[in-house]
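Data from data23.tsv: TSV, C-alpha atoms
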chain	number	residue	atom	x	y	z
Z	1	MET	CA	0.00	0.00	0.00
Z	2	ILE	CA	1.17	3.58	-0.75
Z	3	PRO	CA	1.41	5.57	2.51
Z	4	ILE	CA	-1.47	8.02	2.80
Z	5	LEU	CA	0.78	11.05	2.98
Z	6	LEU	CA	2.72	9.95	-0.10
Z	7	ALA	CA	-0.49	9.32	-1.99
Z	8	VAL	CA	-1.69	12.80	-1.14
Z	9	LEU	CA	1.60	14.31	-2.24
Z	10	LEU	CA	1.52	12.39	-5.51
Z	11	GLY	CA	-2.06	13.44	-6.13
Z	12	GLY	CA	-1.12	17.05	-5.40
Z	13	CYS	CA	1.53	16.96	-8.10
Z	14	VAL	CA	-1.07	16.33	-10.80
Z	15	SER	CA	-2.62	19.47	-12.23
Z	16	LYS	CA	-6.28	19.78	-13.09
Z	17	THR	CA	-5.26	19.97	-16.73
Z	18	ALA	CA	-3.40	16.67	-16.47
Z	19	VAL	CA	-6.39	15.02	-14.77
Z	20	SER	CA	-8.68	16.29	-17.51
Z	21	ARG	CA	-6.32	15.12	-20.24
Z	22	SER	CA	-6.02	11.74	-18.55
Z	23	ALA	CA	-9.79	11.31	-18.53
Z	24	ALA	CA	-9.98	12.27	-22.21
Z	25	GLN	CA	-7.21	9.83	-23.11
Z	26	MET	CA	-8.94	7.09	-21.12
Z	27	ASP	CA	-12.20	7.64	-23.01
Z	28	LEU	CA	-10.33	7.61	-26.31
Z	29	GLY	CA	-8.39	4.48	-25.42
Z	30	THR	CA	-11.56	2.71	-24.34
Z	31	ALA	CA	-13.17	3.65	-27.64
Z	32	TYR	CA	-10.17	2.27	-29.54
Z	33	TYR	CA	-10.53	-1.01	-27.63
Z	34	LYS	CA	-14.22	-1.29	-28.50
Z	35	GLU	CA	-13.30	-0.75	-32.16
Z	36	GLY	CA	-10.80	-3.59	-31.99
Z	37	LYS	CA	-7.76	-1.31	-32.22
Z	38	VAL	CA	-5.94	-2.96	-29.34
Z	39	GLU	CA	-2.46	-1.49	-29.93
Z	40	LEU	CA	-3.84	2.04	-30.08
Z	41	ALA	CA	-5.93	1.36	-27.00
Z	42	ILE	CA	-2.86	0.23	-25.04
Z	43	GLU	CA	-0.84	3.24	-26.14
Z	44	THR	CA	-3.60	5.71	-25.29
Z	45	LEU	CA	-4.57	4.13	-21.96
Z	46	THR	CA	-0.90	4.04	-20.95
Z	47	THR	CA	-0.75	7.78	-21.60
Z	48	ALA	CA	-3.90	8.25	-19.50
Z	49	ALA	CA	-2.31	6.40	-16.58
Z	50	GLU	CA	0.92	8.39	-16.88
Z	51	LEU	CA	-0.91	11.73	-16.94
Z	52	ASP	CA	-2.81	10.90	-13.75
Z	53	PRO	CA	-1.23	8.17	-11.58
Z	54	GLN	CA	-4.46	8.00	-9.55
Z	55	ASN	CA	-6.64	7.15	-12.58
Z	56	TRP	CA	-7.48	3.59	-11.55
Z	57	ARG	CA	-10.06	3.11	-14.29
Z	58	ALA	CA	-7.43	3.81	-16.95
Z	59	ARG	CA	-5.24	1.07	-15.47
Z	60	SER	CA	-8.15	-1.37	-15.24
Z	61	ASN	CA	-9.09	-0.72	-18.87
Z	62	LEU	CA	-5.44	-1.04	-19.83
Z	63	ALA	CA	-5.39	-4.48	-18.23
Z	64	ILE	CA	-8.39	-5.51	-20.33
Z	65	ALA	CA	-6.61	-4.33	-23.47
Z	66	TYR	CA	-3.52	-6.34	-22.49
Z	67	ILE	CA	-5.73	-9.42	-22.12
Z	68	ALA	CA	-7.00	-8.91	-25.66
Z	69	LYS	CA	-3.39	-8.76	-26.84
Z	70	GLY	CA	-2.53	-11.94	-24.96
Z	71	GLU	CA	-0.17	-10.20	-22.53
Z	72	ALA	CA	-1.37	-11.85	-19.32
Z	73	HIS	CA	1.57	-10.74	-17.16
Z	74	LEU	CA	1.07	-7.10	-18.14
Z	75	ALA	CA	-2.67	-7.40	-17.53
Z	76	GLU	CA	-1.98	-8.77	-14.05
Z	77	ARG	CA	0.40	-5.91	-13.30
Z	78	SER	CA	-2.12	-3.28	-14.45
Z	79	PHE	CA	-4.93	-4.81	-12.41
Z	80	ARG	CA	-2.76	-4.84	-9.30
Z	81	GLN	CA	-1.77	-1.21	-9.89
Z	82	ALA	CA	-5.45	-0.26	-10.21
Z	83	LEU	CA	-6.28	-2.09	-6.99
Z	84	ARG	CA	-3.48	-0.36	-5.09
Z	85	ILE	CA	-5.17	2.93	-5.98
Z	86	ALA	CA	-8.78	1.79	-5.51
Z	87	PRO	CA	-8.83	-1.48	-3.50
Z	88	ASP	CA	-12.59	-1.40	-2.87
Z	89	GLU	CA	-13.86	-0.43	-6.33
Z	90	ALA	CA	-16.21	-3.16	-7.57
Z	91	GLU	CA	-15.49	-2.33	-11.21
Z	92	VAL	CA	-11.80	-3.20	-10.86
Z	93	LEU	CA	-12.47	-6.17	-8.59
Z	94	ASN	CA	-15.00	-7.61	-11.04
Z	95	ASN	CA	-12.72	-7.14	-14.05
Z	96	TYR	CA	-9.80	-8.71	-12.21
Z	97	ALA	CA	-11.97	-11.61	-11.00
Z	98	THR	CA	-13.10	-12.30	-14.57
Z	99	TYR	CA	-9.45	-12.44	-15.61
Z	100	LEU	CA	-8.59	-14.73	-12.69
Z	101	LEU	CA	-11.38	-17.12	-13.65
Z	102	SER	CA	-10.03	-17.29	-17.20
Z	103	GLN	CA	-6.68	-18.31	-15.67
Z	104	GLY	CA	-8.25	-21.07	-13.57
Z	105	ARG	CA	-7.73	-19.16	-10.32
Z	106	ALA	CA	-11.22	-19.57	-8.89
Z	107	ASP	CA	-10.21	-19.12	-5.23
Z	108	GLU	CA	-8.71	-15.70	-5.92
Z	109	ALA	CA	-11.67	-14.74	-8.10
Z	110	LEU	CA	-14.11	-15.63	-5.31
Z	111	GLN	CA	-12.19	-13.45	-2.88
Z	112	ARG	CA	-12.34	-10.44	-5.22
Z	113	LEU	CA	-16.02	-10.91	-6.10
Z	114	ARG	CA	-17.12	-11.19	-2.48
Z	115	LEU	CA	-15.24	-8.01	-1.71
Z	116	ALA	CA	-16.82	-6.31	-4.74
Z	117	LEU	CA	-20.31	-7.08	-3.42
Z	118	ARG	CA	-19.58	-4.75	-0.50
Z	119	ASP	CA	-19.44	-1.78	-2.90
Z	120	LEU	CA	-23.05	-0.65	-2.65
Z	121	ASP	CA	-22.48	2.12	-5.20
Z	122	TYR	CA	-21.65	-0.27	-8.04
Z	123	ARG	CA	-24.23	-0.01	-10.80
Z	124	ASN	CA	-24.10	-3.62	-12.01
Z	125	PRO	CA	-24.46	-5.94	-8.99
Z	126	ALA	CA	-26.26	-8.51	-11.16
Z	127	VAL	CA	-23.05	-8.98	-13.15
Z	128	LEU	CA	-21.16	-9.57	-9.91
Z	129	TYR	CA	-23.62	-12.26	-8.86
Z	130	SER	CA	-23.40	-13.91	-12.27
Z	131	ASN	CA	-19.61	-13.99	-12.16
Z	132	LEU	CA	-19.77	-15.22	-8.57
Z	133	ALA	CA	-21.94	-18.11	-9.76
Z	134	GLY	CA	-19.30	-18.99	-12.36
Z	135	ALA	CA	-16.55	-18.99	-9.75
Z	136	LEU	CA	-18.62	-21.12	-7.37
Z	137	ILE	CA	-19.32	-23.63	-10.15
Z	138	ALA	CA	-15.58	-23.88	-10.74
Z	139	LYS	CA	-15.17	-24.65	-7.04
Z	140	GLY	CA	-17.98	-27.23	-7.07
Z	141	GLU	CA	-20.09	-25.19	-4.62
Z	142	LEU	CA	-23.26	-25.76	-6.62
Z	143	GLU	CA	-25.90	-24.81	-4.06
Z	144	GLU	CA	-24.35	-21.37	-3.51
Z	145	ALA	CA	-23.74	-21.04	-7.26
Z	146	GLU	CA	-27.43	-21.59	-7.95
Z	147	LYS	CA	-28.42	-18.94	-5.41
Z	148	SER	CA	-26.00	-16.45	-6.98
Z	149	ALA	CA	-27.23	-17.14	-10.52
Z	150	GLU	CA	-30.86	-16.77	-9.42
Z	151	GLU	CA	-30.00	-13.48	-7.72
Z	152	ALA	CA	-28.32	-12.29	-10.92
Z	153	VAL	CA	-31.39	-12.88	-13.11
Z	154	ARG	CA	-33.70	-11.54	-10.39
Z	155	ARG	CA	-31.81	-8.27	-10.39
Z	156	MET	CA	-31.46	-8.13	-14.18
Z	157	PRO	CA	-34.05	-10.28	-16.01
Z	158	MET	CA	-32.33	-9.73	-19.37
Z	159	LEU	CA	-28.84	-10.72	-18.21
Z	160	CYS	CA	-27.69	-13.36	-20.70
Z	161	ASP	CA	-24.77	-14.63	-18.65
Z	162	GLY	CA	-27.00	-14.99	-15.60
Z	163	TYR	CA	-29.24	-17.48	-17.40
Z	164	TYR	CA	-26.18	-19.23	-18.79
Z	165	GLN	CA	-24.67	-19.68	-15.33
Z	166	LEU	CA	-28.04	-20.82	-13.96
Z	167	ALA	CA	-28.28	-23.44	-16.71
Z	168	ARG	CA	-24.70	-24.57	-16.08
Z	169	VAL	CA	-25.24	-25.11	-12.38
Z	170	GLN	CA	-28.53	-26.94	-12.89
Z	171	GLU	CA	-26.91	-29.14	-15.52
Z	172	ALA	CA	-24.09	-29.88	-13.07
Z	173	GLN	CA	-26.72	-30.80	-10.48
Z	174	LYS	CA	-28.25	-33.27	-13.00
Z	175	ASP	CA	-31.50	-31.30	-12.97
Z	176	VAL	CA	-32.14	-31.70	-16.70
Z	177	SER	CA	-35.61	-30.16	-16.71
Z	178	ALA	CA	-34.48	-27.01	-14.89
Z	179	ALA	CA	-31.39	-26.69	-17.10
Z	180	LEU	CA	-33.46	-26.98	-20.27
Z	181	ASP	CA	-35.80	-24.29	-18.93
Z	182	ALA	CA	-32.85	-21.98	-18.15
Z	183	TYR	CA	-31.40	-22.45	-21.64
Z	184	ALA	CA	-34.84	-21.68	-23.10
Z	185	ARG	CA	-35.00	-18.49	-21.03
Z	186	LEU	CA	-31.52	-17.61	-22.27
Z	187	ALA	CA	-32.63	-17.97	-25.90
Z	188	GLN	CA	-35.75	-15.89	-25.24
Z	189	ALA	CA	-34.04	-13.09	-23.33
Z	190	CYS	CA	-30.97	-12.95	-25.57
Z	191	PRO	CA	-31.72	-13.68	-29.25
Z	192	GLY	CA	-28.03	-13.31	-30.06
Z	193	SER	CA	-27.34	-16.32	-27.84
Z	194	ALA	CA	-30.16	-18.43	-29.28
Z	195	LEU	CA	-27.93	-20.69	-31.38
Z	196	ASP	CA	-25.54	-21.32	-28.51
Z	197	ALA	CA	-28.51	-22.11	-26.28
Z	198	LYS	CA	-29.89	-24.53	-28.86
Z	199	VAL	CA	-26.56	-26.34	-28.95
Z	200	LYS	CA	-26.57	-26.69	-25.17
Z	201	VAL	CA	-30.17	-27.95	-25.22
Z	202	GLY	CA	-29.46	-30.40	-28.03
Z	203	CYS	CA	-26.36	-31.81	-26.32
Z	204	LEU	CA	-28.23	-32.08	-23.02
Z	205	GLN	CA	-31.13	-33.88	-24.68
Z	206	LEU	CA	-28.74	-36.38	-26.26
Z	207	ARG	CA	-27.10	-37.08	-22.92
Z	208	SER	CA	-30.45	-37.45	-21.15
Z	209	GLY	CA	-31.81	-40.03	-23.58
Z	210	HIS	CA	-33.88	-37.83	-25.90
Z	211	SER	CA	-31.79	-38.73	-28.94
Z	212	ASP	CA	-34.26	-37.85	-31.68
Z	213	LEU	CA	-35.08	-34.41	-30.25
Z	214	GLY	CA	-31.45	-33.59	-29.52
Z	215	ALA	CA	-30.15	-34.72	-32.89
Z	216	ALA	CA	-32.84	-32.78	-34.77
Z	217	LEU	CA	-32.03	-29.58	-32.88
Z	218	LEU	CA	-28.29	-29.96	-33.40
Z	219	GLU	CA	-28.71	-30.66	-37.10
Z	220	GLU	CA	-30.78	-27.48	-37.31
Z	221	VAL	CA	-27.88	-25.56	-35.76
Z	222	VAL	CA	-25.36	-27.14	-38.16
Z	223	VAL	CA	-27.36	-25.78	-41.10
Z	224	ALA	CA	-28.09	-22.35	-39.57
Z	225	ALA	CA	-24.64	-21.62	-38.13
Z	226	ARG	CA	-22.18	-22.80	-40.76
Z	227	GLY	CA	-18.60	-21.72	-40.10
Z	228	THR	CA	-19.23	-20.73	-36.48
Z	229	SER	CA	-18.25	-22.15	-33.10
Z	230	SER	CA	-21.91	-23.14	-32.62
Z	231	GLU	CA	-21.75	-25.39	-35.67
Z	232	ARG	CA	-18.50	-26.97	-34.48
Z	233	GLU	CA	-19.89	-27.66	-31.01
Z	234	ALA	CA	-23.07	-29.13	-32.49
Z	235	ARG	CA	-21.03	-31.45	-34.68
Z	236	VAL	CA	-18.97	-32.57	-31.69
Z	237	CYS	CA	-22.15	-33.55	-29.81
Z	238	LEU	CA	-23.56	-35.32	-32.84
Z	239	GLY	CA	-20.26	-37.12	-33.36
Z	240	SER	CA	-20.21	-38.26	-29.75
Z	241	GLU	CA	-23.70	-39.64	-30.11
Z	242	ASP	CA	-22.71	-41.49	-33.30
Z	243	GLY	CA	-19.76	-42.95	-31.42
Z	244	ARG	CA	-22.04	-44.39	-28.74
Z	245	ASP	CA	-24.30	-45.90	-31.36
Once you've parsed the file, please lay out its structure as structure tokens.
Amino acid sequence: MIPILLAVLLGGCVSKTAVSRSAAQMDLGTAYYKEGKVELAIETLTTAAELDPQNWRARSNLAIAYIAKGEAHLAERSFRQALRIAPDEAEVLNNYATYLLSQGRADEALQRLRLALRDLDYRNPAVLYSNLAGALIAKGELEEAEKSAEEAVRRMPMLCDGYYQLARVQEAQKDVSAALDAYARLAQACPGSALDAKVKVGCLQLRSGHSDLGAALLEEVVVAARGTSSEREARVCLGSEDGRD
């Protein structure tokens, strides 16, 4: 931790102009990232962080850009820098937890997400609960995962990932009927996820003994989603079923 006095002195060295320029550079860098211009995003967000060393959001967004570039060690460093500045900010904690989950570090992710839930000013608590459900699934704590996923969709009925996590945990609990219902709700709430949901439903139907229904749904996806990851996943499930036959 930076001593309080030192932090104050560092903050005092930054002019209002520099703070304003840092914010502008952060917005620009974030826009570059959304446009897929990762190198420009990294360059611009680095400038934002240099202009205002207390700009934790610039460092958090920089970490996300580093992830997109495949620079995990730099992403980790940027997240930790952001958390040294703002250790209780749910936005940083959530972003870092998402990264930790992608690295298979569920214990650390759980710690960050539970701390993030204490930030009552965070605007997207439903996302926190959804991510918490994912971390709990990774840990095998299915009962708590289900509660978190249900809380996520209660708070935000159109949260795609919330329904996905709910379906995952119910599938892990061998509750086929509930999982199928959650995947159906995912397809209804999030049309962009409909094909992925159909694949999950088709695979689940195959595994639960409804071969004809599952195969028909997966074959429908193969035709509708040519050249996509949905088609490939559907073919894998169909191939597995053929192997058992």
Given 5 Å of margin on each side, can you work out the centre and size in Å (one decimal) of an axis-aligned box holding every listed atom of region 163-182 of chain Z, as lines of an AutoDock Vina configuration file?
center_x = -29.9
center_y = -25.4
center_z = -15.4
size_x = 21.7
size_y = 25.8
size_z = 19.8
Quick one: pull the distance between CA of Arg80 (chain Z) and CA of Ser60 (chain Z), Å, one decimal.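 Taking CA of Arg80 (chain Z) and CA of Ser60 (chain Z), their separation equals 8.7 Å.
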Excluding region 128-131 of chain Z and any residue of its chain fewer than 3 positions from it, enumerate the residues within 8 Å of it, using all atoms listed in the file, and give them as a list in words.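 What passes the distance filter is Asn94, Thr98, Leu113, Ala116, Leu117, Asn124, Pro125, Gly134, Ala135, Ser148, Ala149, Glu151, Ala152, Asp161, Gly162 and Gln165 of chain Z.
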Nearest to Tyr33 (chain Z), chosen from Z:Ile64, Z:Ala215, Z:Gln111, Z:Gln103, with all atoms listed in the file counted in the distances: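 Distance minimum relative to Tyr33 (chain Z) lands on Z:Ile64.
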Between CA of Ala179 (chain Z) and CA of Ala225 (chain Z), distance in Å (one decimal):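 Spanning CA of Ala179 (chain Z) to CA of Ala225 (chain Z) is a straight-line distance of 22.7 Å.
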For CA of Lys147 (chain Z) and CA of Cys203 (chain Z), the interatomic separation in Å (one decimal):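 Computing the Euclidean distance for CA of Lys147 (chain Z) and CA of Cys203 (chain Z) yields 24.6 Å.
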Give me the residues within 12 Å of Glu143 (chain Z) as a PyMOL selection string, counting all atoms listed in the file and dropping any in the same chain fewer than 3 places off. chain Z and resi 133+136-137+139-140+146-150+166+169-170+172-173
Residues within 8 Å of Ala182 (chain Z), please, as a list in words. Count only C-alpha atoms; anything in the same chain fewer than 4 positions from it doesn't count.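 Close residues of Ala182 (chain Z): Tyr163, Tyr164, Leu166, Ala167, Ala178 and Leu186 of chain Z.
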Need to verify the contact set: Ala224 (chain Z), 9 Å, all atoms listed in the file, exclusion of same-chain residues closer than 5 positions in sequence. Can you return it as a list in words?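 Selected residues are Leu195, Glu219 and Glu231 of chain Z.
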Okay, now the selection with C-alpha atoms, as a compact mmCIF listing (two decimals), in the frame of the given file?
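Now in part.txt:
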# COMPACT_ATOMS: atom_id res chain seq x y z
CA LEU Z 195 -27.93 -20.69 -31.38
CA GLU Z 219 -28.71 -30.66 -37.10
CA GLU Z 231 -21.75 -25.39 -35.67
So, counting all atoms listed in the file, which residue among Z:Cys190, Z:Ala24, Z:Ala63, Z:Leu120 is closest to Met158 (chain Z)?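 Looking at the shortest contact to Met158 (chain Z), the residue is Z:Cys190.
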Find the spatial neighbours of Arg235 (chain Z), counting all atoms listed in the file, within a cut-off of 9 Å - ignore same-chain residues fewer than 5 positions away - and output them as a list in words. Leu218, Glu219, Val222, Ser230 and Ser240 of chain Z
Could you tell me which of Z:Leu101, Z:Cys237, Z:Val38, Z:Val14 comes closest to Arg207 (chain Z) if we count only C-alpha atoms?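 Among the listed residues, the smallest separation from Arg207 (chain Z) belongs to Z:Cys237.
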Find the residue from Z:Leu204, Z:Lys37, Z:Val127, Z:Cys160 that sits nearest to Ala189 (chain Z); use all atoms listed in the file when measuring.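 Among Z:Leu204, Z:Lys37, Z:Val127, Z:Cys160, it is Z:Cys160 that comes nearest to Ala189 (chain Z).
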Counting only C-alpha atoms, find the residues whose atoms lie at most 8 Å from (-7.7, 7.9, -21.1) (file coordinates) and write them out as an mmCIF file with C-alpha atoms, keeping the file's coordinate frame.
data_model
loop_
_atom_site.group_PDB
_atom_site.id
_atom_site.type_symbol
_atom_site.label_atom_id
_atom_site.label_comp_id
_atom_site.auth_asym_id
_atom_site.auth_seq_id
_atom_site.Cartn_x
_atom_site.Cartn_y
_atom_site.Cartn_z
ATOM 1 C CA ARG Z 21 -6.320 15.120 -20.240
ATOM 2 C CA SER Z 22 -6.020 11.740 -18.550
ATOM 3 C CA ALA Z 23 -9.790 11.310 -18.530
ATOM 4 C CA ALA Z 24 -9.980 12.270 -22.210
ATOM 5 C CA GLN Z 25 -7.210 9.830 -23.110
ATOM 6 C CA MET Z 26 -8.940 7.090 -21.120
ATOM 7 C CA ASP Z 27 -12.200 7.640 -23.010
ATOM 8 C CA LEU Z 28 -10.330 7.610 -26.310
ATOM 9 C CA GLY Z 29 -8.390 4.480 -25.420
ATOM 10 C CA THR Z 30 -11.560 2.710 -24.340
ATOM 11 C CA THR Z 44 -3.600 5.710 -25.290
ATOM 12 C CA LEU Z 45 -4.570 4.130 -21.960
ATOM 13 C CA THR Z 46 -0.900 4.040 -20.950
ATOM 14 C CA THR Z 47 -0.750 7.780 -21.600
ATOM 15 C CA ALA Z 48 -3.900 8.250 -19.500
ATOM 16 C CA ALA Z 49 -2.310 6.400 -16.580
ATOM 17 C CA ALA Z 58 -7.430 3.810 -16.950
#
Rank Z:Ala106, Z:Leu217, Z:Leu93, Z:Val223 by their smallest atom-to-atom distance to Arg118 (chain Z), using all atoms listed in the file, and report the top residue only.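 Counting all atoms listed in the file, the residue closest to Arg118 (chain Z) is Z:Leu93.
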Which one of Z:Lys34, Z:Ala86, Z:Glu71, Z:Thr17 sits closest to Arg57 (chain Z) if you count all atoms listed in the file?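 The answer is Z:Ala86, which sits nearest to Arg57 (chain Z).
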